[in-house]
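Report on the following structure.
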Amino acid sequence: MLYFSNGYGIAFCVNEDELLQMKLLSRFFPRKPVPRTEDEIASLIERFADDAVGRWEWDSFISTNFENEPINRAQKECLKVEEEFPRAGPVGWCNEQGLDRLRAIASELRRSAKKS
């Protein structure tokens, strides 16, 4: 058995066959790295609002700890959107007003990047 940590304090173990399967799958389904700059995060938020981002890419953004304070603020604001603008149906992150708020968060993040 091999033991791993996912970087968030959660450890798991796999046997060698499972590790081989994970490596093989990762070659066919590589994960995109989480964006790191204000502009990259703003683009991700806009694409999410336009339904052009995969769930895992959004989840990675929401669950990543950033050292950049403007990105941290934008991340916290994005998390508030789900609660403040609940979705109307069974699918989606938020309602239309929430999508507009996400776009505004992306614009605010871009403006803060230009000031720096």
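All residue names refer to the structure tokens as shown: chains lettered A, B, ... in order, residues numbered from 1 in each chain, ligands numbered from 1 in order.
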
As an NGL selection string, please: the residues near Phe48 in chain A (cut-off 10 Å, only C-alpha atoms, same-chain neighbours under 6 positions excluded). :A and (42 or 54-55 or 57-58 or 93 or 99 or 102-103)

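Neighbouring residues of range 67-69 of chain A at 10 Å or closer, counting only C-alpha atoms and skipping chain neighbours under 4 positions away, are Arg36, Thr37, Glu38, Arg73, Ala74 and Gln75 of chain A.
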
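Using only C-alpha atoms for every distance, the candidate list A:Lys76, A:Cys94, A:Asp50, A:Lys115 yields A:Lys76 as the residue closest to Ser63 in chain A.
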
Env of Ser112 in chain A: 10 Å cut, atoms = only C-alpha atoms, seq-sep filter 2 positions within chain, self excluded. Answer as a ChimeraX atom specification. /A:38-39,70-71,106-110,114-116

Could you dump the residues just selected with N, CA and C atoms as a PDB file, in the first residue's frame?
```pdb
ATOM      1  N   GLU A  38      -4.503  37.487 -11.322  1.00  0.00           N
ATOM      2  CA  GLU A  38      -5.821  38.118 -11.251  1.00  0.00           C
ATOM      3  C   GLU A  38      -6.563  37.992 -12.575  1.00  0.00           C
ATOM      4  N   ASP A  39      -5.836  38.219 -13.679  1.00  0.00           N
ATOM      5  CA  ASP A  39      -6.478  38.148 -14.990  1.00  0.00           C
ATOM      6  C   ASP A  39      -6.956  36.732 -15.305  1.00  0.00           C
ATOM      7  N   PRO A  70      -6.167  40.033  -3.392  1.00  0.00           N
ATOM      8  CA  PRO A  70      -7.314  40.326  -4.263  1.00  0.00           C
ATOM      9  C   PRO A  70      -8.019  39.056  -4.769  1.00  0.00           C
ATOM     10  N   ILE A  71      -7.237  38.016  -5.033  1.00  0.00           N
ATOM     11  CA  ILE A  71      -7.838  36.752  -5.479  1.00  0.00           C
ATOM     12  C   ILE A  71      -8.611  36.124  -4.324  1.00  0.00           C
ATOM     13  N   ALA A 106     -15.470  39.557 -11.430  1.00  0.00           N
ATOM     14  CA  ALA A 106     -14.363  39.410 -12.381  1.00  0.00           C
ATOM     15  C   ALA A 106     -13.861  40.782 -12.831  1.00  0.00           C
ATOM     16  N   SER A 107     -14.780  41.703 -13.099  1.00  0.00           N
ATOM     17  CA  SER A 107     -14.380  43.058 -13.510  1.00  0.00           C
ATOM     18  C   SER A 107     -13.634  43.774 -12.396  1.00  0.00           C
ATOM     19  N   GLU A 108     -14.120  43.644 -11.163  1.00  0.00           N
ATOM     20  CA  GLU A 108     -13.449  44.261 -10.009  1.00  0.00           C
ATOM     21  C   GLU A 108     -12.040  43.702  -9.844  1.00  0.00           C
ATOM     22  N   LEU A 109     -11.891  42.398 -10.045  1.00  0.00           N
ATOM     23  CA  LEU A 109     -10.581  41.763  -9.911  1.00  0.00           C
ATOM     24  C   LEU A 109      -9.627  42.282 -10.985  1.00  0.00           C
ATOM     25  N   ARG A 110     -10.113  42.447 -12.194  1.00  0.00           N
ATOM     26  CA  ARG A 110      -9.268  42.983 -13.270  1.00  0.00           C
ATOM     27  C   ARG A 110      -8.844  44.421 -12.977  1.00  0.00           C
ATOM     28  N   LYS A 114      -4.956  46.020 -12.442  1.00  0.00           N
ATOM     29  CA  LYS A 114      -4.375  47.134 -13.211  1.00  0.00           C
ATOM     30  C   LYS A 114      -3.820  48.218 -12.301  1.00  0.00           C
ATOM     31  N   LYS A 115      -4.396  48.357 -11.095  1.00  0.00           N
ATOM     32  CA  LYS A 115      -3.930  49.356 -10.144  1.00  0.00           C
ATOM     33  C   LYS A 115      -2.595  48.952  -9.515  1.00  0.00           C
ATOM     34  N   SER A 116      -2.343  47.659  -9.458  1.00  0.00           N
ATOM     35  CA  SER A 116      -1.121  47.161  -8.796  1.00  0.00           C
ATOM     36  C   SER A 116       0.119  47.426  -9.609  1.00  0.00           C
TER      37      SER A 116
END
```
